[in-house]
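A.B. asks: So I've got this file, data-v2.tsv, and it contains TSV, C-alpha atoms and all ligand atoms:
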chain	number	residue	atom	x	y	z
R	26	MET	CA	-61.83	-89.53	96.02
R	27	ILE	CA	-59.14	-87.39	94.39
R	28	ASN	CA	-59.68	-89.31	91.15
R	29	LEU	CA	-63.44	-88.74	91.36
R	30	ARG	CA	-62.92	-85.00	91.91
R	31	ARG	CA	-60.49	-84.89	89.00
R	32	SER	CA	-62.99	-86.69	86.71
R	33	ILE	CA	-65.78	-84.31	87.73
R	34	LEU	CA	-63.50	-81.32	87.10
R	35	LEU	CA	-62.46	-82.72	83.70
R	36	MET	CA	-66.07	-83.33	82.70
R	37	SER	CA	-67.06	-79.81	83.78
R	38	VAL	CA	-64.20	-78.26	81.80
R	39	THR	CA	-65.10	-80.35	78.72
R	40	LEU	CA	-68.75	-79.34	79.08
R	41	LEU	CA	-67.83	-75.69	79.49
R	42	MET	CA	-65.59	-75.81	76.41
R	43	ALA	CA	-68.34	-77.49	74.40
R	44	CYS	CA	-70.89	-74.87	75.51
R	45	THR	CA	-68.53	-71.99	74.71
R	46	ARG	CA	-67.83	-73.46	71.27
R	47	ALA	CA	-71.49	-74.17	70.62
R	48	THR	CA	-72.44	-70.57	71.30
R	49	LYS	CA	-69.50	-69.13	69.35
R	50	PHE	CA	-69.51	-71.18	66.16
R	51	SER	CA	-72.29	-70.35	63.74
R	52	ALA	CA	-72.76	-72.80	60.85
R	53	ASP	CA	-75.17	-70.28	59.29
R	54	LYS	CA	-72.53	-67.56	59.25
R	55	GLU	CA	-70.04	-69.84	57.51
R	56	LEU	CA	-72.69	-71.10	55.07
R	57	ASP	CA	-73.44	-67.45	54.22
R	58	TYR	CA	-69.74	-67.09	53.49
R	59	CYS	CA	-69.92	-70.15	51.20
R	60	ILE	CA	-72.83	-68.59	49.29
R	61	THR	CA	-70.89	-65.33	48.86
R	62	GLN	CA	-67.91	-67.20	47.43
R	63	LEU	CA	-70.10	-69.40	45.19
R	64	SER	CA	-71.84	-66.27	43.86
R	65	LYS	CA	-68.45	-64.82	42.93
R	66	SER	CA	-67.55	-68.00	41.02
R	67	THR	CA	-70.87	-68.42	39.23
R	68	SER	CA	-70.85	-64.81	38.01
R	69	SER	CA	-67.81	-65.64	35.87
R	70	LEU	CA	-68.81	-69.16	34.72
R	71	THR	CA	-70.68	-69.45	31.44
R	72	ASP	CA	-69.87	-72.88	29.97
R	73	VAL	CA	-71.34	-75.84	31.92
R	74	ASN	CA	-68.89	-78.19	30.22
R	75	ARG	CA	-66.07	-76.50	32.10
R	76	ILE	CA	-66.40	-77.69	35.69
R	77	PRO	CA	-64.30	-75.98	38.40
R	78	ARG	CA	-61.72	-78.28	40.01
R	79	SER	CA	-58.94	-76.31	41.72
R	80	ILE	CA	-57.10	-73.03	42.06
R	81	ASP	CA	-53.35	-73.30	42.45
R	82	ALA	CA	-51.59	-71.56	45.32
R	83	GLY	CA	-51.00	-67.90	44.47
R	84	LYS	CA	-53.41	-68.00	41.50
R	85	LYS	CA	-56.90	-66.51	41.12
R	86	ASP	CA	-58.45	-68.60	38.38
R	87	TRP	CA	-60.20	-71.94	38.48
R	88	ARG	CA	-58.72	-74.86	36.62
R	89	PHE	CA	-61.57	-76.61	34.81
R	90	VAL	CA	-62.28	-80.24	33.94
R	91	SER	CA	-64.86	-82.11	31.86
R	92	TYR	CA	-67.57	-84.39	33.24
R	93	ARG	CA	-65.16	-87.34	32.83
R	94	ASP	CA	-62.81	-86.15	35.57
R	95	TRP	CA	-63.16	-87.87	38.96
R	96	THR	CA	-63.93	-84.52	40.62
R	97	SER	CA	-66.77	-83.55	38.26
R	98	GLY	CA	-69.55	-84.20	40.79
R	99	PHE	CA	-68.38	-81.87	43.53
R	100	TRP	CA	-69.23	-78.56	41.88
R	101	PRO	CA	-72.82	-79.55	41.06
R	102	GLY	CA	-72.99	-81.02	44.58
R	103	MET	CA	-72.04	-77.66	46.08
R	104	LEU	CA	-74.71	-75.97	43.99
R	105	TRP	CA	-77.25	-78.43	45.41
R	106	TYR	CA	-76.03	-77.62	48.94
R	107	ALA	CA	-76.40	-73.91	48.14
R	108	TYR	CA	-79.99	-74.60	47.06
R	109	GLU	CA	-80.65	-76.69	50.15
R	110	TYR	CA	-79.39	-73.92	52.42
R	111	THR	CA	-80.94	-70.90	50.71
R	112	GLN	CA	-84.01	-72.52	49.07
R	113	ASP	CA	-83.32	-70.03	46.29
R	114	LYS	CA	-84.41	-71.40	42.89
R	115	LYS	CA	-81.47	-69.75	41.21
R	116	TRP	CA	-79.14	-72.31	42.84
R	117	GLU	CA	-81.46	-75.17	41.90
R	118	GLU	CA	-81.36	-73.99	38.31
R	119	GLN	CA	-77.54	-73.93	38.31
R	120	ALA	CA	-77.34	-77.31	40.07
R	121	LYS	CA	-79.66	-78.87	37.49
R	122	ARG	CA	-77.62	-77.52	34.58
R	123	TYR	CA	-74.33	-78.88	35.91
R	124	SER	CA	-75.84	-82.19	37.03
R	125	ALA	CA	-77.26	-82.84	33.55
R	126	VAL	CA	-73.74	-82.60	32.12
R	127	LEU	CA	-72.88	-85.77	34.05
R	128	PHE	CA	-75.75	-87.92	32.71
R	129	PRO	CA	-73.59	-89.63	30.01
R	130	LEU	CA	-71.54	-91.23	32.80
R	131	ALA	CA	-74.40	-93.58	33.59
R	132	ASP	CA	-74.44	-95.06	30.10
R	133	THR	CA	-70.72	-95.51	29.61
R	134	ALA	CA	-68.84	-98.46	31.08
R	135	ALA	CA	-67.22	-97.36	34.36
R	136	ILE	CA	-63.64	-96.36	33.65
R	137	ASP	CA	-62.82	-96.61	37.36
R	138	HIS	CA	-64.33	-96.61	40.85
R	139	ASP	CA	-64.81	-92.82	40.89
R	140	LEU	CA	-68.19	-93.14	39.20
R	141	GLY	CA	-69.77	-93.16	42.66
R	142	PHE	CA	-68.10	-89.88	43.66
R	143	GLN	CA	-69.10	-88.32	40.36
R	144	VAL	CA	-72.78	-89.17	40.27
R	145	PHE	CA	-73.71	-89.47	43.94
R	146	CYS	CA	-72.33	-86.09	45.08
R	147	SER	CA	-74.11	-84.38	42.18
R	148	ILE	CA	-77.16	-86.29	40.95
R	149	GLY	CA	-77.53	-88.11	44.28
R	150	ASN	CA	-78.00	-84.80	46.08
R	151	GLY	CA	-80.26	-83.67	43.25
R	152	TYR	CA	-82.49	-86.70	43.75
R	153	ARG	CA	-82.51	-86.27	47.53
R	154	LEU	CA	-83.71	-82.69	47.17
R	155	THR	CA	-86.09	-82.96	44.19
R	156	GLN	CA	-87.18	-86.62	43.96
R	157	ASP	CA	-86.88	-86.23	40.17
R	158	THR	CA	-87.31	-89.73	38.74
R	159	LEU	CA	-84.92	-88.96	35.88
R	160	TYR	CA	-82.16	-88.58	38.48
R	161	LYS	CA	-83.21	-91.86	40.04
R	162	ARG	CA	-82.92	-93.71	36.73
R	163	VAL	CA	-79.47	-92.24	36.05
R	164	LEU	CA	-78.25	-93.24	39.53
R	165	LEU	CA	-79.55	-96.79	39.18
R	166	ARG	CA	-77.80	-97.25	35.85
R	167	ALA	CA	-74.57	-95.81	37.25
R	168	ALA	CA	-74.71	-98.22	40.21
R	169	ASP	CA	-74.98	-101.18	37.81
R	170	SER	CA	-71.98	-99.86	35.84
R	171	LEU	CA	-69.91	-99.51	39.00
R	172	ALA	CA	-70.79	-103.02	40.17
R	173	VAL	CA	-69.17	-104.49	37.05
R	174	LEU	CA	-65.79	-103.62	38.59
R	175	PHE	CA	-66.41	-105.98	41.53
R	176	ASN	CA	-64.13	-109.03	41.65
R	177	PRO	CA	-65.84	-111.76	43.72
R	178	LYS	CA	-62.57	-113.64	44.18
R	179	VAL	CA	-61.01	-110.65	45.91
R	180	GLY	CA	-64.19	-109.27	47.43
R	181	THR	CA	-63.60	-105.66	46.38
R	182	ILE	CA	-64.31	-103.28	43.52
R	183	LEU	CA	-61.37	-102.68	41.19
R	184	SER	CA	-60.34	-99.05	41.67
R	185	TRP	CA	-58.06	-98.38	38.72
R	186	PRO	CA	-58.51	-100.54	35.61
R	187	ARG	CA	-56.20	-98.16	33.77
R	188	ALA	CA	-52.51	-98.83	34.29
R	189	VAL	CA	-51.11	-96.86	37.23
R	190	PRO	CA	-47.43	-97.38	38.18
R	191	GLY	CA	-47.11	-100.06	40.85
R	192	VAL	CA	-50.64	-101.42	40.71
R	193	ASP	CA	-50.24	-103.63	37.63
R	194	TRP	CA	-53.79	-104.34	36.49
R	195	PRO	CA	-54.97	-106.68	34.85
R	196	LEU	CA	-52.66	-109.32	36.39
R	197	ARG	CA	-53.17	-107.69	39.72
R	198	HIS	CA	-56.36	-106.22	41.12
R	199	ASN	CA	-56.02	-102.94	43.04
R	200	THR	CA	-58.26	-101.26	45.57
R	201	ILE	CA	-57.72	-97.83	47.07
R	202	MET	CA	-59.06	-96.49	50.33
R	203	ASP	CA	-60.97	-93.73	48.50
R	204	ASN	CA	-63.15	-96.46	46.97
R	205	MET	CA	-65.08	-96.72	50.26
R	206	ILE	CA	-66.98	-93.55	49.38
R	207	ASN	CA	-68.37	-95.08	46.18
R	208	LEU	CA	-70.19	-97.72	48.21
R	209	GLU	CA	-72.83	-95.17	49.18
R	210	LEU	CA	-74.21	-95.23	45.62
R	211	LEU	CA	-74.54	-99.03	45.77
R	212	PHE	CA	-76.31	-98.99	49.15
R	213	TRP	CA	-78.64	-96.29	47.89
R	214	ALA	CA	-79.41	-98.20	44.67
R	215	ALA	CA	-80.20	-101.42	46.54
R	216	LYS	CA	-82.76	-99.49	48.62
R	217	ASN	CA	-84.26	-97.69	45.65
R	218	GLY	CA	-85.21	-100.39	43.18
R	219	GLY	CA	-81.77	-101.78	42.29
R	220	SER	CA	-80.63	-105.34	42.88
R	221	GLN	CA	-79.93	-106.69	46.39
R	222	SER	CA	-76.56	-107.78	44.99
R	223	LEU	CA	-75.48	-104.11	45.03
R	224	TYR	CA	-75.88	-104.08	48.81
R	225	ASP	CA	-73.97	-107.37	49.07
R	226	ILE	CA	-71.10	-106.02	46.95
R	227	ALA	CA	-70.84	-102.86	49.05
R	228	GLU	CA	-70.93	-104.80	52.33
R	229	LYS	CA	-68.34	-107.31	51.07
R	230	HIS	CA	-66.04	-104.53	49.83
R	231	ALA	CA	-66.19	-102.83	53.23
R	232	THR	CA	-65.44	-106.10	55.04
R	233	THR	CA	-62.53	-107.08	52.78
R	234	THR	CA	-61.07	-103.58	53.03
R	235	MET	CA	-61.40	-103.69	56.82
R	236	GLN	CA	-59.35	-106.93	56.84
R	237	ASN	CA	-56.61	-105.94	54.39
R	238	HIS	CA	-56.22	-102.19	54.23
R	239	PHE	CA	-55.16	-101.40	57.80
R	240	ARG	CA	-52.10	-101.81	59.98
R	241	PRO	CA	-52.44	-103.05	63.57
R	242	ASP	CA	-52.66	-99.40	64.76
R	243	TYR	CA	-55.65	-98.79	62.40
R	244	THR	CA	-53.77	-96.46	60.05
R	245	SER	CA	-54.43	-97.27	56.40
R	246	TYR	CA	-52.56	-98.14	53.25
R	247	HIS	CA	-53.65	-96.07	50.30
R	248	VAL	CA	-53.59	-99.02	47.89
R	249	VAL	CA	-53.87	-102.76	48.35
R	250	VAL	CA	-52.76	-104.96	45.47
R	251	TYR	CA	-54.40	-108.39	45.11
R	252	ASP	CA	-53.83	-111.37	42.84
R	253	THR	CA	-56.68	-111.06	40.33
R	254	ALA	CA	-57.08	-114.81	39.89
R	255	THR	CA	-56.72	-116.10	43.45
R	256	GLY	CA	-57.97	-113.03	45.31
R	257	LYS	CA	-55.01	-113.14	47.72
R	258	LYS	CA	-53.55	-109.91	49.09
R	259	ILE	CA	-50.06	-109.24	47.68
R	260	LYS	CA	-49.08	-105.95	49.32
R	261	GLY	CA	-50.17	-102.63	50.77
R	262	ILE	CA	-48.56	-99.61	49.15
R	263	THR	CA	-49.05	-95.89	48.67
R	264	HIS	CA	-49.76	-93.83	45.60
R	265	GLN	CA	-50.61	-90.36	46.89
R	266	GLY	CA	-49.05	-90.67	50.32
R	267	TYR	CA	-45.46	-90.21	51.47
R	268	ALA	CA	-44.50	-93.86	52.05
R	269	ASP	CA	-46.02	-97.33	51.95
R	270	SER	CA	-45.87	-97.35	55.74
R	271	SER	CA	-47.27	-93.87	56.38
R	272	MET	CA	-50.78	-92.52	57.05
R	273	TRP	CA	-51.81	-90.42	54.02
R	274	ALA	CA	-54.16	-87.85	55.54
R	275	ARG	CA	-56.93	-87.93	52.95
R	276	GLY	CA	-56.80	-91.71	52.69
R	277	GLN	CA	-57.51	-91.98	56.41
R	278	ALA	CA	-60.23	-89.33	56.08
R	279	TRP	CA	-61.90	-91.47	53.39
R	280	ALA	CA	-61.73	-94.42	55.81
R	281	ILE	CA	-63.37	-92.38	58.59
R	282	TYR	CA	-66.11	-91.13	56.30
R	283	GLY	CA	-66.50	-94.51	54.60
R	284	TYR	CA	-66.92	-96.68	57.70
R	285	THR	CA	-69.24	-94.15	59.32
R	286	MET	CA	-71.45	-94.29	56.20
R	287	VAL	CA	-71.22	-98.11	55.97
R	288	TYR	CA	-72.43	-98.39	59.57
R	289	ARG	CA	-75.32	-96.00	58.83
R	290	GLU	CA	-76.32	-98.20	55.89
R	291	THR	CA	-75.80	-101.67	57.42
R	292	LYS	CA	-76.28	-101.09	61.17
R	293	ASP	CA	-73.59	-103.76	61.62
R	294	ALA	CA	-71.81	-103.01	64.92
R	295	ARG	CA	-68.45	-104.20	63.52
R	296	PHE	CA	-68.39	-101.18	61.25
R	297	LEU	CA	-69.26	-98.70	64.00
R	298	ASP	CA	-66.48	-100.06	66.17
R	299	PHE	CA	-64.09	-99.87	63.24
R	300	ALA	CA	-65.15	-96.33	62.29
R	301	GLN	CA	-64.22	-95.22	65.80
R	302	LYS	CA	-60.83	-96.96	65.71
R	303	VAL	CA	-59.79	-95.38	62.40
R	304	THR	CA	-61.09	-92.02	63.63
R	305	ASP	CA	-59.36	-92.11	67.00
R	306	VAL	CA	-55.87	-92.70	65.60
R	307	PHE	CA	-56.37	-89.78	63.18
R	308	LEU	CA	-57.65	-87.39	65.87
R	309	GLU	CA	-54.91	-88.34	68.34
R	310	ARG	CA	-52.16	-87.49	65.86
R	311	LEU	CA	-53.50	-84.17	64.53
R	312	PRO	CA	-51.56	-80.94	64.95
R	313	GLU	CA	-52.93	-78.28	67.28
R	314	ASP	CA	-55.15	-76.56	64.70
R	315	LEU	CA	-56.77	-79.93	63.83
R	316	VAL	CA	-55.90	-79.66	60.13
R	317	PRO	CA	-53.51	-82.47	59.17
R	318	TYR	CA	-50.35	-82.24	57.17
R	319	TRP	CA	-50.86	-83.96	53.79
R	320	ASP	CA	-49.28	-87.10	55.27
R	321	PHE	CA	-48.78	-87.78	58.98
R	322	SER	CA	-45.12	-88.68	58.25
R	323	ALA	CA	-44.52	-85.93	55.70
R	324	PRO	CA	-40.94	-84.71	55.57
R	325	GLY	CA	-40.47	-81.16	56.85
R	326	ILE	CA	-43.27	-81.07	59.44
R	327	PRO	CA	-44.15	-78.41	60.69
R	328	GLY	CA	-43.23	-76.73	57.42
R	329	ALA	CA	-44.93	-79.39	55.25
R	330	PRO	CA	-48.11	-78.53	53.29
R	331	LYS	CA	-51.43	-79.10	55.04
R	332	ASP	CA	-54.46	-80.85	53.59
R	333	ALA	CA	-57.58	-78.88	54.49
R	334	SER	CA	-59.65	-81.30	52.37
R	335	ALA	CA	-58.83	-84.16	54.75
R	336	ALA	CA	-60.05	-82.02	57.66
R	337	ALA	CA	-63.26	-81.10	55.81
R	338	ILE	CA	-64.04	-84.75	54.95
R	339	THR	CA	-63.34	-85.77	58.54
R	340	ALA	CA	-65.42	-82.95	60.04
R	341	SER	CA	-68.41	-84.01	57.96
R	342	ALA	CA	-67.96	-87.65	58.98
R	343	LEU	CA	-67.54	-86.70	62.66
R	344	VAL	CA	-70.84	-84.85	62.74
R	345	GLU	CA	-72.53	-88.01	61.52
R	346	LEU	CA	-70.48	-90.34	63.74
R	347	SER	CA	-71.51	-88.29	66.77
R	348	THR	CA	-75.13	-89.18	66.02
R	349	LEU	CA	-74.44	-92.90	65.67
R	350	VAL	CA	-72.33	-93.60	68.75
R	351	ALA	CA	-74.39	-94.64	71.78
R	352	ASP	CA	-71.80	-93.65	74.41
R	353	LYS	CA	-72.77	-90.05	75.22
R	354	GLN	CA	-69.26	-88.93	76.19
R	355	LYS	CA	-67.76	-90.38	73.02
R	356	ALA	CA	-70.51	-88.83	70.90
R	357	ALA	CA	-69.87	-85.44	72.51
R	358	TYR	CA	-66.14	-85.88	71.90
R	359	TYR	CA	-66.70	-86.45	68.16
R	360	ARG	CA	-69.14	-83.59	67.83
R	361	ASP	CA	-66.81	-81.27	69.72
R	362	LYS	CA	-63.91	-82.23	67.45
R	363	ALA	CA	-66.06	-81.67	64.36
R	364	GLU	CA	-66.99	-78.22	65.57
R	365	ALA	CA	-63.41	-77.37	66.54
R	366	MET	CA	-62.20	-78.54	63.13
R	367	LEU	CA	-64.82	-76.43	61.38
R	368	THR	CA	-63.87	-73.46	63.56
R	369	SER	CA	-60.28	-73.86	62.43
R	370	LEU	CA	-61.25	-74.27	58.76
R	371	SER	CA	-63.47	-71.17	59.05
R	372	SER	CA	-60.61	-68.99	60.29
R	373	PRO	CA	-58.72	-66.46	58.11
R	374	GLN	CA	-55.92	-69.03	57.95
R	375	TYR	CA	-58.02	-71.49	55.93
R	376	GLN	CA	-60.92	-69.61	54.31
R	377	SER	CA	-60.08	-68.23	50.85
R	378	ARG	CA	-62.07	-65.00	51.35
R	379	LYS	CA	-60.47	-62.38	49.07
R	380	VAL	CA	-57.54	-64.58	48.02
R	381	ASN	CA	-59.65	-66.43	45.43
R	382	ASP	CA	-63.27	-67.48	44.77
R	383	ALA	CA	-63.01	-70.98	46.27
R	384	LEU	CA	-64.07	-71.67	49.87
R	385	LEU	CA	-60.86	-72.99	51.40
R	386	LEU	CA	-57.10	-72.72	50.97
R	387	HIS	CA	-54.34	-75.19	51.86
R	388	ALA	CA	-55.57	-78.47	50.43
R	389	THR	CA	-53.13	-80.92	48.87
R	390	GLY	CA	-54.10	-83.20	46.01
R	391	HIS	CA	-51.21	-85.36	44.85
R	392	LYS	CA	-47.98	-84.37	46.57
R	393	PRO	CA	-45.72	-87.13	45.16
R	394	ASN	CA	-46.44	-86.08	41.56
R	395	GLY	CA	-46.42	-82.37	42.37
R	396	GLY	CA	-50.13	-81.76	41.66
R	397	GLU	CA	-52.38	-79.30	43.51
R	398	ILE	CA	-50.16	-78.65	46.50
R	399	ASP	CA	-51.33	-76.12	49.09
R	400	ALA	CA	-54.19	-75.29	46.71
R	401	SER	CA	-57.94	-74.71	46.79
R	402	ILE	CA	-59.51	-78.00	45.71
R	403	ILE	CA	-63.15	-78.59	44.96
R	404	TYR	CA	-63.60	-81.70	47.12
R	405	GLY	CA	-62.31	-79.82	50.18
R	406	ASP	CA	-64.93	-77.15	49.51
R	407	TYR	CA	-67.68	-79.73	48.93
R	408	TYR	CA	-67.13	-81.57	52.21
R	409	TYR	CA	-66.71	-78.27	54.09
R	410	MET	CA	-70.19	-77.22	52.94
R	411	GLU	CA	-71.59	-80.67	53.69
R	412	ALA	CA	-70.11	-80.59	57.20
R	413	LEU	CA	-71.58	-77.14	57.88
R	414	LEU	CA	-75.02	-78.26	56.69
R	415	ARG	CA	-74.85	-81.42	58.76
R	416	LEU	CA	-73.84	-79.44	61.84
R	417	LYS	CA	-76.59	-76.89	61.27
R	418	LYS	CA	-79.20	-79.67	61.02
R	419	LEU	CA	-77.83	-81.36	64.12
R	420	LYS	CA	-78.02	-78.14	66.13
R	421	GLU	CA	-81.54	-77.45	64.92
R	422	SER	CA	-82.68	-80.96	65.82
R	423	LYS	CA	-81.72	-80.48	69.49
T	1	LIG	N1	-59.72	-89.92	45.30
T	1	LIG	C1	-58.52	-89.26	44.98
T	1	LIG	C2	-58.05	-88.37	46.06
T	1	LIG	O1	-58.53	-88.36	47.17
T	1	LIG	O2	-57.15	-87.61	45.76
Show me, as C-alpha cells, the structure contained in the file I just sent.
C.D. replies:
Amino acid sequence: MINLRRSILLMSVTLLMACTRATKFSADKELDYCITQLSKSTSSLTDVNRIPRSIDAGKKDWRFVSYRDWTSGFWPGMLWYAYEYTQDKKWEEQAKRYSAVLFPLADTAAIDHDLGFQVFCSIGNGYRLTQDTLYKRVLLRAADSLAVLFNPKVGTILSWPRAVPGVDWPLRHNTIMDNMINLELLFWAAKNGGSQSLYDIAEKHATTTMQNHFRPDYTSYHVVVYDTATGKKIKGITHQGYADSSMWARGQAWAIYGYTMVYRETKDARFLDFAQKVTDVFLERLPEDLVPYWDFSAPGIPGAPKDASAAAITASALVELSTLVADKQKAAYYRDKAEAMLTSLSSPQYQSRKVNDALLLHATGHKPNGGEIDASIIYGDYYYMEALLRLKKLKESK
C-alpha cells in the first residue's frame, strides 16, 4: 500500500514537472533566437566558398572551411531549417546557394564516411523541403559513392581511408561510431530510386557496429579496428575521447541518434531496444545541467570542458525516440529529458547571444589534439536547431 502511494506520488510529481516544463519552454522563442543569430552571421558572409565551421573560445570570428571539410553540410542545413521555420524565401535563397557549393562531392570518389553528413544535412534537407529533382540526383550519386567504402568481409563502411594514427588502413579496416549517421543517406537512397543493396549495407553496418562497438554496459568505443582481409575485430580504441575505455560524449551521442534513426528506417525491434540501452547509460551519467563533459571520464571534472554539441545531438534524437517507444512512461521520460536538455542549452550559460554570432557556446571538437575546445561549433548549432524544430512539431501534433 505504501509502495502504491509512493508510486502514485512519484507519477504525479513527474507529471507536474512535465506540465510545468511544457508550459515554460517555448521552442518558437528559441528558434526566433536562432534566426536572430543567423541573420547576424549572414550579414557579414559574402563568399559561399567559405563555409562557417567554428568560433574559438574568446573569439568573435567564424573559422571557415571549404566544401571538402566534413562539417560543410551543417551551415547549409541550418539555412534550410531557418527557411522551414520562417517560410521566408530569403533563407531558401541562401540555403540553395550554399547547398550548390557541395554538388561536386557527389561526383568525386568518397574520401571518407563523412560524405553522408555533408550531403544529407544540406542537400537532403533541401530535397525534403523543395522536392527539387536535381537534389535527388545528387543525393543518389553520393549514396553510391559512399557505398564503395563498404567492406562485406567486415560488414561495415570504412570510416577513414586516409592514414590516421592507430587505425592503420589499408591493412586494417576502421569504423568510427560517428559513421552511424551516414547510414541515413543510404536508407533514404534505397527508398528513393537507389539500389536495395544500399539498405542492406546500412542495416548490416548497424548490426555489425551493435555487436562490436559497445562494452557490456552499452558505452561505446570511438573506433573499432578490423582485419581488412578476414573481417575479424582486432580492438576497440579511441581517437577523440579521453581513453580507449572511456565514454566519449559525442561518440555516444552519435550512437543514440544513429540507432534511433536506424529503428525509424528498419522498424527492427532490436534497434529500438538498443537505442534505449545506449541512451539510458548516457542519461544516467549526465551532470546536473544535462550537458556532458567532453568525455565521461575526462580528467578535471567538474572543471573539464563541456560538449554542448553532444547534448544538442542527443536532445534531437530524444525527441524522435520519444515518438517511437511504445511504453508511455518511457516515452514521456525521453521527451522530458529532451526538453530539459534544450532548456539548459537555451540558458545564458550555453547560448552565445552577444558573445559571438553562433548559436551555442561550450562545445568541444577534438580535445586530445587541442582543437576547438570550449568553442562554438557548427554541428552543435545544427542539431540544436533540428531538436527545436522537432520539438515544435511534436508539440503542435498533440
Ligand atoms: N565526426 C567527427 C566528430 O564528431 O567530431
A.B. asks: At most 9 Å is the cut-off: for each residue in chain R with any atom that close to an atom of ligand LIG 1 (chain T), write down the nearest atom pair and the distance in Å rounded to one decimal, counting only C-alpha atoms and all ligand atoms, chain first then increasing number, as CSV.
C.D. replies:
residue,atom,partner,partner_atom,distance
R:Trp95,CA,T:LIG1,N1,7.5
R:Thr96,CA,T:LIG1,N1,8.3
R:Asp139,CA,T:LIG1,N1,7.3
R:Phe142,CA,T:LIG1,N1,8.5
R:Ile201,CA,T:LIG1,N1,8.3
R:Met202,CA,T:LIG1,N1,8.3
R:Asp203,CA,T:LIG1,N1,5.1
R:Asn204,CA,T:LIG1,N1,7.6
R:Gln265,CA,T:LIG1,O2,7.2
R:Arg275,CA,T:LIG1,O1,6.0
R:Gly276,CA,T:LIG1,O1,6.7
R:Trp279,CA,T:LIG1,O1,7.7
R:Ser334,CA,T:LIG1,O1,8.8
R:Ala335,CA,T:LIG1,O1,8.7
R:Thr389,CA,T:LIG1,O2,8.4
R:Gly390,CA,T:LIG1,O2,5.4
R:His391,CA,T:LIG1,O2,6.4
R:Tyr404,CA,T:LIG1,O1,8.4
A.B. asks: From the options R:Glu397, R:Asp157, R:Glu290, R:Glu118, which residue's atoms come nearest to Ala214 in chain R, counting all atoms listed in the file?
C.D. replies: R:Glu290
A.B. asks: Please identify all polymer residues within 8 Å of Asn150 in chain R, counting all atoms listed in the file, omitting same-chain residues fewer than 5 positions from it, and present them as a PyMOL selection string.
C.D. replies: chain R and resi 102+105-106+145
A.B. asks: Residues of range 278-314 of chain R that have any atom at most 10 Å from an atom of range 353-371 of chain R: could you tabulate them with the shortest-distance atom pair and the distance in Å to one decimal, using only C-alpha atoms, ordered by chain and increasing number, as JSON lines?
C.D. replies:
{"residue": "R:Gln301", "atom": "CA", "partner": "R:Lys355", "partner_atom": "CA", "distance": 9.4}
{"residue": "R:Thr304", "atom": "CA", "partner": "R:Tyr359", "partner_atom": "CA", "distance": 9.1}
{"residue": "R:Asp305", "atom": "CA", "partner": "R:Tyr359", "partner_atom": "CA", "distance": 9.3}
{"residue": "R:Leu308", "atom": "CA", "partner": "R:Lys362", "partner_atom": "CA", "distance": 8.3}
{"residue": "R:Glu313", "atom": "CA", "partner": "R:Ser369", "partner_atom": "CA", "distance": 9.9}
{"residue": "R:Asp314", "atom": "CA", "partner": "R:Ser369", "partner_atom": "CA", "distance": 6.2}
A.B. asks: When you draw a straight line from CA of Gln119 in chain R to CA of Gln143 in chain R, how long is it in Å?
C.D. replies: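 The value is 16.8 Å.
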A.B. asks: State, in Å with one decimal place, the distance from CA of His198 in chain R to CA of Thr253 in chain R.
C.D. replies: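 CA of Thr253 in chain R lies 4.9 Å from CA of His198 in chain R.
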A.B. asks: Using all atoms listed in the file, find the one residue out of R:Ala188, R:Val344, R:Cys59, R:Ala323 that sits nearest to Lys420 in chain R.
C.D. replies: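 Comparing R:Ala188, R:Val344, R:Cys59, R:Ala323 against Lys420 in chain R, the winner is R:Val344.
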A.B. asks: To one decimal place in Å, what is the distance between CA of Ala125 in chain R and CA of Thr111 in chain R?
C.D. replies: 21.2 Å
A.B. asks: Pick the closest to Ala336 in chain R from R:Ile398, R:Leu349, R:Ala412, R:Ala300: which is it, counting only C-alpha atoms?
C.D. replies: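 Checking each candidate against Ala336 in chain R, we get R:Ala412 as the closest.
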A.B. asks: So that I can see what lies close to Asn176 in chain R, please list as a list in words the residues with an atom at most 9 Å from it, counting only C-alpha atoms and leaving out residues fewer than 4 positions away in the same chain.
C.D. replies: Gly180, Thr181, Ile182, Leu183, His198, Thr253 and Gly256 of chain R
A.B. asks: Show me a table, sorted first by chain and then by increasing residue number, of the residues of range 275-378 of chain R having an atom at most 10 Å from range 221-241 of chain R, each with its shortest atom pair and the distance in Å to one decimal, counting only C-alpha atoms and written as CSV.
C.D. replies:
residue,atom,partner,partner_atom,distance
R:Gln277,CA,R:Phe239,CA,9.8
R:Ala280,CA,R:Met235,CA,9.3
R:Gly283,CA,R:Ala231,CA,8.4
R:Tyr284,CA,R:Ala231,CA,7.6
R:Val287,CA,R:Ala231,CA,7.4
R:Tyr288,CA,R:Glu228,CA,9.8
R:Glu290,CA,R:Tyr224,CA,9.2
R:Thr291,CA,R:Glu228,CA,7.7
R:Asp293,CA,R:Glu228,CA,9.7
R:Arg295,CA,R:Thr232,CA,9.2
R:Phe296,CA,R:Thr232,CA,8.5
R:Phe299,CA,R:Met235,CA,7.9
R:Ala300,CA,R:Met235,CA,9.9
R:Val303,CA,R:Phe239,CA,8.9
A.B. asks: Please list as a list in words every residue within 7 Å of Ala400 in chain R, counting only C-alpha atoms and excluding residues in the same chain fewer than 2 positions away.
C.D. replies: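 Skipping anything fewer than 2 positions along the chain leaves Ser79, Ile80, Asp81, Ala82, Leu386, His387, Ala388, Thr389, Glu397, Ile398 and Ile402 of chain R.
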A.B. asks: With distances taken over all atoms listed in the file, which of R:Asp86, R:Asp406, R:Glu209, R:Asp332 is nearest to Leu70 in chain R?
C.D. replies: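 Checking each of R:Asp86, R:Asp406, R:Glu209, R:Asp332 against Leu70 in chain R, counting all atoms listed in the file, the winner is R:Asp86.
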A.B. asks: How big is the axis-aligned box around the listed atoms of range 361-365 of chain R once 6 Å is added on each side, and where is its centre? Give both in Å to one decimal, as lines of an AutoDock Vina configuration file.
C.D. replies:
center_x = -65.2
center_y = -79.8
center_z = 67.0
size_x = 15.6
size_y = 16.9
size_z = 17.4
A.B. asks: With all atoms listed in the file as the counted atoms, please give the residues lying no more than 12 Å from Asp252 in chain R, apart from itself and same-chain residues fewer than 4 positions off, as a PyMOL selection string.
C.D. replies: chain R and resi 176+178-181+183+192-200+256-260
A.B. asks: Which of these, R:Gly191, R:Gly83, R:Pro373, R:Gly98, has the shortest distance to Tyr408 in chain R once you count all atoms listed in the file?
C.D. replies: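 Checking each candidate against Tyr408 in chain R, we get R:Gly98 as the closest.
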